$ cat entry01.tsv   # TSV, C-alpha atoms and all ligand atoms
chain	number	residue	atom	x	y	z
A	1	MET	CA	7.78	9.33	4.49
A	2	THR	CA	9.28	6.68	2.24
A	3	TYR	CA	10.63	7.32	-1.22
A	4	ALA	CA	7.82	5.13	-2.65
A	5	GLU	CA	5.14	7.25	-0.94
A	6	LEU	CA	6.76	10.49	-2.05
A	7	HIS	CA	7.07	9.16	-5.60
A	8	ARG	CA	3.40	8.17	-5.70
A	9	LEU	CA	2.33	11.61	-4.46
A	10	TYR	CA	4.63	13.53	-6.78
A	11	HIS	CA	3.35	11.74	-9.86
A	12	LEU	CA	-0.37	12.11	-9.11
A	13	PRO	CA	-2.34	14.15	-11.61
A	14	PHE	CA	-1.54	17.77	-10.70
A	15	PHE	CA	-4.95	18.72	-9.33
A	16	GLU	CA	-5.18	15.57	-7.19
A	17	LEU	CA	-1.81	16.36	-5.64
A	18	ILE	CA	-2.85	19.94	-4.93
A	19	GLU	CA	-6.15	18.80	-3.39
A	20	GLN	CA	-4.21	16.58	-0.98
A	21	SER	CA	-1.59	19.19	-0.09
A	22	ARG	CA	-4.31	21.82	0.37
A	23	ALA	CA	-6.13	19.57	2.84
A	24	VAL	CA	-2.94	19.04	4.86
A	25	HIS	CA	-2.21	22.76	4.71
A	26	GLN	CA	-5.64	23.73	5.99
A	27	ALA	CA	-5.52	21.15	8.77
A	28	HIS	CA	-2.19	22.45	10.08
A	29	TRP	CA	-2.17	26.10	9.00
A	30	PRO	CA	-5.78	27.35	8.98
A	31	GLU	CA	-4.86	31.00	9.62
A	32	ARG	CA	-4.24	32.36	6.08
A	33	GLU	CA	-0.81	33.51	7.26
A	34	VAL	CA	2.53	33.86	5.52
A	35	GLN	CA	5.74	34.19	7.48
A	36	LEU	CA	7.86	37.13	6.32
A	37	CYS	CA	11.61	36.63	6.77
A	38	THR	CA	14.25	39.23	5.99
A	39	LEU	CA	17.71	38.08	4.96
A	40	LEU	CA	20.92	39.98	5.55
A	41	SER	CA	24.33	38.90	4.38
A	42	ILE	CA	26.46	39.94	7.36
A	43	LYS	CA	29.64	38.57	5.79
A	44	THR	CA	29.65	38.47	2.02
A	45	GLY	CA	31.89	36.62	-0.44
A	46	GLY	CA	35.38	35.16	-0.27
A	47	CYS	CA	34.12	31.73	0.86
A	48	SER	CA	36.59	28.81	0.80
A	49	GLU	CA	33.91	26.33	-0.39
A	50	ASP	CA	33.22	25.41	-4.02
A	51	CYS	CA	29.38	25.13	-4.03
A	52	SER	CA	28.87	25.40	-7.77
A	53	TYR	CA	25.68	27.48	-7.53
A	54	CYS	CA	27.08	30.13	-5.21
A	55	ALA	CA	28.26	33.61	-6.15
A	56	GLN	CA	30.07	33.89	-2.82
A	57	SER	CA	32.63	31.17	-3.41
A	58	ALA	CA	36.14	32.63	-3.76
A	59	ARG	CA	36.78	30.11	-6.55
A	60	TYR	CA	34.55	31.76	-9.13
A	61	SER	CA	34.68	35.19	-10.76
A	62	SER	CA	31.09	36.09	-10.03
A	63	GLY	CA	31.72	39.78	-9.47
A	64	VAL	CA	30.78	39.49	-5.76
A	65	LYS	CA	33.51	41.19	-3.71
A	66	ALA	CA	34.74	39.65	-0.46
A	67	GLU	CA	33.76	41.86	2.45
A	68	LYS	CA	34.46	41.88	6.19
A	69	LEU	CA	31.87	40.99	8.83
A	70	MET	CA	29.45	43.93	9.05
A	71	GLU	CA	29.54	46.21	12.08
A	72	LYS	CA	26.99	45.44	14.76
A	73	ALA	CA	25.43	48.91	14.59
A	74	ASP	CA	24.78	48.52	10.86
A	75	ILE	CA	23.26	45.07	11.35
A	76	LEU	CA	21.01	46.37	14.12
A	77	ALA	CA	19.85	49.22	11.89
A	78	ARG	CA	18.89	46.68	9.20
A	79	ALA	CA	17.14	44.48	11.77
A	80	HIS	CA	15.09	47.45	13.02
A	81	ALA	CA	14.17	48.33	9.44
A	82	ALA	CA	13.12	44.72	8.78
A	83	ARG	CA	10.89	44.72	11.84
A	84	ASP	CA	9.39	48.05	10.85
A	85	SER	CA	8.54	46.68	7.41
A	86	GLY	CA	6.62	43.77	8.98
A	87	SER	CA	9.21	40.99	9.03
A	88	THR	CA	8.92	38.54	11.89
A	89	ARG	CA	12.10	36.57	11.27
A	90	PHE	CA	15.54	38.05	10.70
A	91	CYS	CA	18.03	35.69	9.09
A	92	MET	CA	21.74	36.56	9.05
A	93	GLY	CA	23.96	34.72	6.58
A	94	ALA	CA	27.73	34.45	6.45
A	95	ALA	CA	29.86	33.12	3.58
A	96	TRP	CA	31.93	30.86	5.77
A	97	ARG	CA	32.70	27.17	5.69
A	98	GLY	CA	31.81	27.19	9.36
A	99	VAL	CA	32.46	28.76	12.76
A	100	ARG	CA	34.53	27.76	15.78
A	101	LEU	CA	34.11	28.67	19.44
A	102	GLY	CA	36.82	30.96	20.78
A	103	THR	CA	37.52	32.68	17.47
A	104	ASP	CA	37.16	36.42	17.24
A	105	ARG	CA	34.56	36.22	14.49
A	106	PHE	CA	32.36	33.75	16.34
A	107	GLU	CA	32.45	35.91	19.47
A	108	LYS	CA	31.39	38.88	17.35
A	109	VAL	CA	28.45	36.91	15.92
A	110	ILE	CA	27.37	35.89	19.42
A	111	ASP	CA	27.47	39.51	20.49
A	112	ILE	CA	25.40	40.54	17.45
A	113	VAL	CA	22.82	37.79	18.06
A	114	LYS	CA	22.39	38.86	21.70
A	115	ASP	CA	21.32	42.34	20.58
A	116	VAL	CA	19.24	41.29	17.55
A	117	SER	CA	17.32	38.81	19.70
A	118	GLN	CA	16.03	41.68	21.84
A	119	LEU	CA	13.95	43.06	18.97
A	120	GLY	CA	11.04	40.62	19.21
A	121	MET	CA	11.69	38.86	15.89
A	122	GLU	CA	12.71	35.24	15.47
A	123	VAL	CA	16.47	35.12	14.91
A	124	CYS	CA	17.90	32.74	12.33
A	125	VAL	CA	21.55	32.41	11.38
A	126	THR	CA	23.30	30.49	8.63
A	127	LEU	CA	27.02	30.34	9.25
A	128	GLY	CA	28.06	27.00	7.74
A	129	GLU	CA	29.42	24.08	9.77
A	130	LEU	CA	28.77	23.95	13.55
A	131	GLY	CA	29.97	21.66	16.30
A	132	PRO	CA	28.02	21.00	19.50
A	133	LEU	CA	29.70	23.83	21.40
A	134	GLU	CA	28.98	26.41	18.74
A	135	ALA	CA	25.36	25.28	18.48
A	136	ALA	CA	24.91	25.55	22.25
A	137	ALA	CA	26.50	29.02	22.30
A	138	LEU	CA	24.18	30.25	19.54
A	139	LYS	CA	21.14	28.90	21.37
A	140	GLU	CA	22.28	30.55	24.59
A	141	ALA	CA	22.78	33.89	22.78
A	142	GLY	CA	19.17	33.88	21.53
A	143	VAL	CA	19.17	32.18	18.10
A	144	THR	CA	15.81	30.53	17.38
A	145	ALA	CA	16.61	28.69	14.16
A	146	TYR	CA	19.68	27.49	12.30
A	147	ASN	CA	19.55	27.38	8.51
A	148	HIS	CA	21.69	24.70	6.93
A	149	ASN	CA	20.42	23.29	3.65
A	150	LEU	CA	21.08	19.83	2.31
A	151	ASP	CA	20.45	21.37	-1.11
A	152	THR	CA	20.04	18.13	-3.08
A	153	SER	CA	20.18	14.34	-2.78
A	154	PRO	CA	23.23	12.61	-1.26
A	155	GLU	CA	23.84	11.05	-4.68
A	156	HIS	CA	23.94	14.38	-6.54
A	157	TYR	CA	25.70	16.38	-3.80
A	158	PRO	CA	29.28	15.48	-4.86
A	159	ASN	CA	28.52	16.81	-8.36
A	160	ILE	CA	27.71	20.19	-6.82
A	161	VAL	CA	30.16	20.57	-3.92
A	162	THR	CA	33.52	18.85	-3.37
A	163	THR	CA	34.99	20.78	-0.41
A	164	HIS	CA	32.63	19.28	2.16
A	165	THR	CA	30.32	16.29	2.18
A	166	PHE	CA	26.62	15.60	2.58
A	167	GLN	CA	27.49	13.85	5.83
A	168	ASP	CA	29.19	17.05	7.08
A	169	ARG	CA	25.89	18.85	6.47
A	170	LEU	CA	23.95	16.15	8.38
A	171	ASN	CA	26.37	16.39	11.30
A	172	THR	CA	25.84	20.14	11.62
A	173	ILE	CA	22.08	19.66	11.56
A	174	ARG	CA	22.36	17.07	14.31
A	175	HIS	CA	24.42	19.49	16.43
A	176	ALA	CA	21.84	22.24	15.95
A	177	GLN	CA	19.02	19.84	16.91
A	178	ASP	CA	20.89	18.57	19.96
A	179	ALA	CA	21.34	22.15	21.19
A	180	GLY	CA	17.56	22.70	20.96
A	181	LEU	CA	17.70	24.99	17.94
A	182	SER	CA	14.92	24.81	15.38
A	183	VAL	CA	16.33	23.62	12.09
A	184	CYS	CA	15.62	25.35	8.80
A	185	CYS	CA	16.71	22.93	6.11
A	186	GLY	CA	15.78	22.61	2.47
A	187	GLY	CA	17.22	22.60	-0.99
A	188	ILE	CA	17.68	24.11	-4.42
A	189	LEU	CA	15.89	23.03	-7.58
A	190	GLY	CA	17.72	23.45	-10.87
A	191	LEU	CA	21.16	22.04	-10.03
A	192	GLY	CA	20.90	19.49	-12.85
A	193	GLU	CA	19.25	16.97	-10.52
A	194	THR	CA	16.51	14.51	-11.43
A	195	ILE	CA	13.03	14.42	-9.92
A	196	ASP	CA	14.23	11.33	-8.00
A	197	ASP	CA	17.06	13.41	-6.48
A	198	ARG	CA	14.47	15.90	-5.27
A	199	LEU	CA	12.37	13.11	-3.77
A	200	HIS	CA	15.42	11.62	-2.05
A	201	LEU	CA	16.08	15.01	-0.49
A	202	LEU	CA	12.47	15.14	0.76
A	203	GLU	CA	12.75	11.59	2.08
A	204	ILE	CA	15.73	12.61	4.22
A	205	LEU	CA	14.16	15.88	5.41
A	206	SER	CA	10.89	14.21	6.34
A	207	GLY	CA	12.83	11.50	8.19
A	208	PHE	CA	14.53	13.96	10.54
A	209	ASN	CA	13.43	13.54	14.11
A	210	PRO	CA	12.29	16.19	14.87
A	211	GLN	CA	11.30	17.23	11.38
A	212	PRO	CA	12.69	20.61	10.26
A	213	GLU	CA	10.81	23.62	11.56
A	214	SER	CA	11.13	25.24	8.16
A	215	VAL	CA	11.94	23.98	4.68
A	216	PRO	CA	13.20	26.52	2.16
A	217	ILE	CA	12.62	25.52	-1.45
A	218	ASN	CA	15.03	27.60	-3.53
A	219	SER	CA	15.08	27.71	-7.31
A	220	LEU	CA	18.56	28.19	-8.68
A	221	MET	CA	19.36	31.79	-9.48
A	222	PRO	CA	22.10	31.23	-12.04
A	223	MET	CA	25.07	33.37	-11.04
A	224	PRO	CA	27.47	34.64	-13.73
A	225	GLY	CA	30.93	33.11	-13.37
A	226	THR	CA	29.74	30.03	-11.45
A	227	PRO	CA	29.75	26.56	-13.02
A	228	LEU	CA	25.93	26.57	-13.07
A	229	ALA	CA	25.63	30.00	-14.69
A	230	GLU	CA	23.99	28.57	-17.82
A	231	ASN	CA	21.52	26.21	-16.11
A	232	GLY	CA	17.95	26.64	-17.33
A	233	GLY	CA	15.02	27.69	-15.18
A	234	VAL	CA	12.86	25.39	-13.08
A	235	ASP	CA	9.47	24.47	-14.52
A	236	VAL	CA	6.74	26.10	-12.47
A	237	PHE	CA	4.68	22.91	-12.17
A	238	ASP	CA	7.74	20.99	-10.95
A	239	LEU	CA	8.29	23.70	-8.33
A	240	VAL	CA	4.64	23.60	-7.21
A	241	ARG	CA	4.66	19.78	-7.10
A	242	MET	CA	7.77	19.89	-4.89
A	243	ILE	CA	6.09	22.37	-2.54
A	244	ALA	CA	2.92	20.31	-2.40
A	245	VAL	CA	4.80	17.09	-1.58
A	246	ALA	CA	6.91	18.92	1.04
A	247	ARG	CA	3.69	20.22	2.63
A	248	ILE	CA	2.26	16.70	2.86
A	249	ALA	CA	5.50	15.05	4.04
A	250	ILE	CA	6.44	17.71	6.62
A	251	PRO	CA	3.04	19.09	7.61
A	252	ARG	CA	4.07	21.29	10.55
A	253	ALA	CA	6.95	22.99	8.75
A	254	LYS	CA	6.91	26.41	7.30
A	255	VAL	CA	7.53	25.66	3.65
A	256	ARG	CA	9.35	28.68	2.27
A	257	LEU	CA	9.06	29.75	-1.35
A	258	SER	CA	12.65	30.99	-1.33
A	259	ALA	CA	15.22	32.15	-3.90
A	260	GLY	CA	14.01	32.61	-7.46
A	261	ARG	CA	10.72	34.45	-6.94
A	262	THR	CA	11.88	37.25	-9.26
A	263	ARG	CA	11.31	34.82	-12.13
A	264	LEU	CA	7.82	33.83	-10.99
A	265	SER	CA	4.62	35.60	-11.96
A	266	ARG	CA	2.21	36.69	-9.23
A	267	GLU	CA	-0.08	33.88	-10.36
A	268	ALA	CA	2.67	31.27	-10.03
A	269	GLN	CA	3.48	32.52	-6.53
A	270	ALA	CA	-0.22	32.36	-5.61
A	271	LEU	CA	-0.36	28.76	-6.85
A	272	ALA	CA	2.74	27.87	-4.78
A	273	MET	CA	1.08	29.37	-1.70
A	274	PHE	CA	-2.18	27.56	-2.42
A	275	ALA	CA	-0.24	24.29	-2.68
A	276	GLY	CA	1.37	24.77	0.73
A	277	ALA	CA	4.06	27.47	0.82
A	278	ASN	CA	3.54	29.67	3.86
A	279	SER	CA	6.75	31.65	4.13
A	280	ILE	CA	8.78	33.94	1.88
A	281	PHE	CA	11.95	35.98	2.00
A	282	TYR	CA	10.81	39.56	2.22
A	283	GLY	CA	12.98	42.51	1.27
A	284	ASP	CA	14.51	43.70	-1.97
A	285	LYS	CA	17.62	41.54	-1.63
A	286	LEU	CA	18.40	37.96	-0.69
A	287	LEU	CA	22.09	37.55	0.17
A	288	THR	CA	23.65	38.85	-3.04
A	289	ALA	CA	20.77	38.37	-5.47
A	290	ALA	CA	17.55	40.25	-6.12
A	291	ASN	CA	14.18	39.50	-4.53
A	292	PRO	CA	10.79	41.04	-5.38
A	293	ALA	CA	10.28	44.57	-3.99
A	294	VAL	CA	8.60	44.89	-0.60
A	295	ALA	CA	5.73	46.90	-2.10
A	296	GLU	CA	5.11	44.15	-4.68
A	297	ASP	CA	4.96	41.48	-1.97
A	298	GLN	CA	2.63	43.60	0.14
A	299	ARG	CA	0.35	43.97	-2.87
A	300	LEU	CA	0.44	40.23	-3.55
A	301	LEU	CA	-0.49	39.34	0.04
A	302	ARG	CA	-3.24	41.94	0.08
A	303	ASP	CA	-4.68	40.74	-3.23
A	304	LEU	CA	-4.71	37.15	-1.94
A	305	GLY	CA	-6.17	38.07	1.45
A	306	LEU	CA	-3.12	36.66	3.26
A	307	LEU	CA	-1.74	38.05	6.51
A	308	PRO	CA	1.80	38.33	7.87
A	309	GLN	CA	2.42	35.68	10.51
A	310	GLU	CA	3.04	36.79	14.08
A	311	PRO	CA	6.59	36.22	15.38
A	312	ASN	CA	7.33	33.51	17.90
A	313	PRO	CA	10.75	34.51	19.26
A	314	ALA	CA	10.49	31.92	22.04
A	315	LEU	CA	10.18	29.25	19.34
A	316	ALA	CA	11.56	25.99	20.65
A	317	ALA	CA	12.66	23.20	18.39
A	318	PRO	CA	9.76	20.87	17.63
A	319	PRO	CA	9.88	17.87	19.99
A	320	ALA	CA	11.41	14.66	18.70
A	321	CYS	CA	8.94	11.87	18.10
A	322	ALA	CA	9.65	9.02	20.54
A	323	GLU	CA	8.02	6.33	18.40
A	324	ARG	CA	10.37	6.83	15.49
A	325	PRO	CA	14.09	6.06	15.38
A	326	CYS	CA	16.52	8.96	15.38
A	327	SER	CA	16.84	10.98	12.20
A	328	PRO	CA	19.40	9.92	9.57
A	329	ALA	CA	21.41	12.92	10.70
A	330	MET	CA	21.68	11.41	14.13
A	331	ALA	CA	22.06	7.78	13.15
A	332	GLU	CA	24.88	8.18	10.66
A	333	ALA	CA	26.98	10.72	12.51
A	334	PRO	CA	30.09	9.40	14.29
B	401	LIG	N1	27.64	29.40	3.98
B	401	LIG	C1	26.47	28.93	4.57
B	401	LIG	C2	26.01	27.61	4.01
B	401	LIG	O1	26.52	27.20	2.99
B	401	LIG	O2	25.15	26.98	4.63
B	401	LIG	C3	25.31	29.93	4.54
B	401	LIG	C4	25.03	30.74	3.29
B	401	LIG	S1	24.53	29.83	1.86
B	401	LIG	C5	24.59	31.10	0.64
B	401	LIG	C6	22.82	29.48	2.15
B	401	LIG	C7	22.01	28.78	1.09
B	401	LIG	O3	21.66	29.68	0.06
B	401	LIG	C8	22.63	27.62	0.33
B	401	LIG	O4	22.63	26.43	1.06
B	401	LIG	C9	21.71	27.51	-0.86
B	401	LIG	O5	20.61	26.67	-0.56
B	401	LIG	C10	21.21	28.95	-1.05
B	401	LIG	N2	21.77	29.53	-2.29
B	401	LIG	C11	23.00	30.03	-2.45
B	401	LIG	N3	23.19	30.47	-3.71
B	401	LIG	C12	22.04	30.25	-4.36
B	401	LIG	C13	21.61	30.48	-5.71
B	401	LIG	N4	22.42	30.99	-6.62
B	401	LIG	N5	20.35	30.15	-6.05
B	401	LIG	C14	19.52	29.59	-5.13
B	401	LIG	N6	19.87	29.34	-3.85
B	401	LIG	C15	21.11	29.66	-3.47
B	402	LIG	C1	17.89	29.71	1.89
B	402	LIG	O1	17.46	28.55	1.78
B	402	LIG	N1	17.91	30.59	0.91
B	402	LIG	C2	18.52	31.84	1.36
B	402	LIG	C3	18.78	31.57	2.87
B	402	LIG	N2	18.39	30.21	3.01
B	402	LIG	C4	20.09	31.86	3.45
B	402	LIG	C5	19.65	32.27	0.53
B	402	LIG	C6	19.30	32.42	-0.93
B	402	LIG	C7	20.50	32.94	-1.64
B	402	LIG	C8	20.22	33.29	-3.05
B	402	LIG	C9	21.42	33.72	-3.78
B	402	LIG	C10	22.08	34.95	-3.27
B	402	LIG	O2	21.42	35.89	-2.76
B	402	LIG	O3	23.31	35.06	-3.45
B	403	LIG	FE1	30.24	29.25	0.95
B	403	LIG	FE2	27.72	28.74	1.75
B	403	LIG	FE3	28.21	29.75	-0.72
B	403	LIG	FE4	28.89	27.23	-0.18
B	403	LIG	S1	26.79	28.09	-0.19
B	403	LIG	S2	30.19	28.76	-1.23
B	403	LIG	S3	29.52	27.38	1.97
B	403	LIG	S4	28.60	30.76	1.23

$ encode --input "entry01.tsv" --output "structure tokens" --more "lines below"
Ligand code: SAM
Ligand code: DTB
Ligand code: SF4
Amino acid sequence: MTYAELHRLYHLPFFELIEQSRAVHQAHWPEREVQLCTLLSIKTGGCSEDCSYCAQSARYSSGVKAEKLMEKADILARAHAARDSGSTRFCMGAAWRGVRLGTDRFEKVIDIVKDVSQLGMEVCVTLGELGPLEAAALKEAGVTAYNHNLDTSPEHYPNIVTTHTFQDRLNTIRHAQDAGLSVCCGGILGLGETIDDRLHLLEILSGFNPQPESVPINSLMPMPGTPLAENGGVDVFDLVRMIAVARIAIPRAKVRLSAGRTRLSREAQALAMFAGANSIFYGDKLLTAANPAVAEDQRLLRDLGLLPQEPNPALAAPPACAERPCSPAMAEAP
């Protein structure tokens, strides 16, 4: 979808926008379902990168301690617990710049993925930068989706991160797509960006071919000690507008109401789901930050008459659309 189309949609009167996103939502997702994803930080803190929102960067005194890669047995115990609580996707995150084939730590991750993928949940990992070989090895081991966010517009990105580029992020996404992995790619609101930055991000995401399988919309959780620690909260109507436009622009994606739900009322979360969000992180903790309690989320879904979505561990990447040119990720990469 072009920037002009996204701009027109975003600036519609609120109820007109929601009517349109609701119609798209019901056409593509008639089942009243919400995907429940559990996150686990398998390698926390000590990251070389300087992402100015992140508590896990070694450059900031956020109070998050650098830890080693978790033991496989502990990860499997957490994956079993997630499945028992009703999660259908298990997403493992590592505070790394990226991974390389042949390294001890990548081999360990592959070994972990092989076991986690036997549990019947979708398996997502977010490990930073990937090349083609790493992407193929993850696919082979049983990963269903790779999470790698673009976070904001290409114009604003250098104000937020200086240790890698927006193009580096696009290249990793291309490698994941080429290996047949589903791509989970979204952004963060509240990084000091303009509405136009947010629309430029959506323009790029909706232009991917194939479009992302899921689109997490995070609201900044300001982390003490990071450069963005004092940033203000995201306006709830701006958040809902972003979700509604994402739903219209990327109709088949799971649009995930991601970090920042602890600051949202039940009513605000219901509005976000009405506008097109159909996935949440489920479990008391995100990576290092808090998330609503499981019992609270169960109550919310029950009160809204929503159901947990069934897992699809055999999930293949959505097919590329032959009529459209390759995604920007593919076109601009060397
Ligand atoms: N190191 C990998 C990477 O950068 O892709 C994976 C982990 S990283 C923490 C995953 C994503 O979490 C980031 O891209 C960002 O969108 C989100 N995130 C991190 N810190 C956040 C915060 N304080 N508030 C909201 N979202 C955050
Ligand atoms: C995503 O888009 N959000 C998740 C997941 N993908 C990896 C991470 C949110 C992190 C929130 C801050 C924290 O827990 O440190
Ligand atoms: Fe490292 Fe990822 Fe955090 Fe950036 S967002 S500092 S790459 S863990």

$ closest_atom_pairs --input "entry01.tsv" --of "chain A" --to "ligand LIG 403 (chain B)" --cutoff "7 Å" --atoms "only C-alpha atoms and all ligand atoms" --output "Markdown table"
| residue | atom | partner | partner_atom | distance |
| --- | --- | --- | --- | --- |
| A:Gly45 | CA | B:LIG403 | S4 | 6.9 |
| A:Cys47 | CA | B:LIG403 | FE1 | 4.6 |
| A:Ser48 | CA | B:LIG403 | FE1 | 6.4 |
| A:Glu49 | CA | B:LIG403 | S2 | 4.5 |
| A:Asp50 | CA | B:LIG403 | S2 | 5.3 |
| A:Cys51 | CA | B:LIG403 | FE4 | 4.4 |
| A:Cys54 | CA | B:LIG403 | FE3 | 4.6 |
| A:Ala55 | CA | B:LIG403 | FE3 | 6.7 |
| A:Gln56 | CA | B:LIG403 | FE3 | 5.0 |
| A:Ser57 | CA | B:LIG403 | S2 | 4.1 |
| A:Ala94 | CA | B:LIG403 | S4 | 6.5 |
| A:Ala95 | CA | B:LIG403 | S4 | 3.6 |
| A:Trp96 | CA | B:LIG403 | FE1 | 5.4 |
| A:Arg97 | CA | B:LIG403 | S3 | 4.9 |
| A:Gly128 | CA | B:LIG403 | S3 | 6.0 |

$ closest_atom_pairs --input "entry01.tsv" --of "chain A" --to "ligand LIG 402 (chain B)" --cutoff "6 Å" --atoms "only C-alpha atoms and all ligand atoms" --output "CSV"
residue,atom,partner,partner_atom,distance
A:Ala55,CA,B:LIG402,O3,5.8
A:Gly93,CA,B:LIG402,C4,5.7
A:Pro216,CA,B:LIG402,O1,4.7
A:Asn218,CA,B:LIG402,O1,5.9
A:Ser258,CA,B:LIG402,N1,5.7
A:Ala259,CA,B:LIG402,C6,5.1
A:Leu286,CA,B:LIG402,O2,4.2
A:Leu287,CA,B:LIG402,O2,3.4
A:Thr288,CA,B:LIG402,O2,3.7
A:Ala289,CA,B:LIG402,O2,3.7

$ residues_around --input "entry01.tsv" --residues "stretch 65-68 of chain A" --least-positions-apart "3" --cutoff "7 Å" --atoms "only C-alpha atoms" --output "count of residues only"
4

$ closest_atom_pairs --input "entry01.tsv" --of "stretch 237-301 of chain A" --to "stretch 187-210 of chain A" --cutoff "8 Å" --atoms "only C-alpha atoms" --output "JSON lines"
{"residue": "A:Leu239", "atom": "CA", "partner": "A:Leu189", "partner_atom": "CA", "distance": 7.7}
{"residue": "A:Met242", "atom": "CA", "partner": "A:Arg198", "partner_atom": "CA", "distance": 7.8}
{"residue": "A:Ala246", "atom": "CA", "partner": "A:Leu202", "partner_atom": "CA", "distance": 6.7}
{"residue": "A:Ala249", "atom": "CA", "partner": "A:Ser206", "partner_atom": "CA", "distance": 5.9}
{"residue": "A:Ile250", "atom": "CA", "partner": "A:Ser206", "partner_atom": "CA", "distance": 5.7}

$ write_last_selection --input "entry01.tsv" --atoms "C-alpha atoms" --output "PDB file, in the coordinates of the input"
ATOM      1  CA  LEU A 239       8.290  23.700  -8.330  1.00  0.00           C
ATOM      2  CA  MET A 242       7.770  19.890  -4.890  1.00  0.00           C
ATOM      3  CA  ALA A 246       6.910  18.920   1.040  1.00  0.00           C
ATOM      4  CA  ALA A 249       5.500  15.050   4.040  1.00  0.00           C
ATOM      5  CA  ILE A 250       6.440  17.710   6.620  1.00  0.00           C
TER       6      ILE A 250
END

$ closest_residue --input "entry01.tsv" --among "A:Ala27, A:Val64, A:Leu9, A:Leu304" --to "ligand LIG 401 (chain B)" --atoms "all atoms listed in the file"
A:Val64

$ atom_distance --input "entry01.tsv" --atom1 "atom CA of A:Ala176" --atom2 "atom CA of A:Asn291"
27.9 Å

$ atom_distance --input "entry01.tsv" --atom1 "atom CA of A:Ile160" --atom2 "atom CA of A:Asp235"
20.3 Å

$ closest_residue --input "entry01.tsv" --among "A:Arg169, A:Glu267, A:Val125, A:Val255" --to "A:Tyr157" --atoms "all atoms listed in the file"
A:Arg169

$ closest_residue --input "entry01.tsv" --among "A:His156, A:Lys139, A:His148, A:Arg266" --to "ligand LIG 401 (chain B)" --atoms "all atoms listed in the file"
A:His148

$ atom_distance --input "entry01.tsv" --atom1 "atom CA of A:Val234" --atom2 "atom CA of A:Ile217"
11.6 Å

$ residues_around --input "entry01.tsv" --residues "A:Tyr146" --least-positions-apart "6" --cutoff "8 Å" --atoms "only C-alpha atoms" --output "list of chain:residue names"
A:Cys124, A:Val125, A:Thr126, A:Ala176, A:Leu181, A:Ser182, A:Val183, A:Cys184

$ closest_residue --input "entry01.tsv" --among "A:Ile42, A:Ala77, A:Ala137, A:Val236" --to "ligand LIG 401 (chain B)" --atoms "all atoms listed in the file"
A:Ile42

$ closest_residue --input "entry01.tsv" --among "A:Thr165, A:Asn312, A:Thr226, A:Gln177" --to "A:Tyr60" --atoms "all atoms listed in the file"
A:Thr226

$ closest_residue --input "entry01.tsv" --among "A:Thr262, A:Ser279, A:Ser85, A:Ser117" --to "ligand LIG 401 (chain B)" --atoms "only C-alpha atoms and all ligand atoms"
A:Thr262

$ axis_aligned_box --input "entry01.tsv" --around "stretch 272-288 of chain A" --padding-each-side "4 Å" --output "JSON"
{"center_x": 10.7, "center_y": 34.0, "center_z": -0.3, "size_x": 33.8, "size_y": 27.4, "size_z": 16.9}

$ residues_around --input "entry01.tsv" --residues "A:Pro227" --least-positions-apart "2" --cutoff "8 Å" --atoms "all atoms listed in the file" --output "list in words"
Ser52, Tyr53, Gly225, Ala229 and Glu230 of chain A
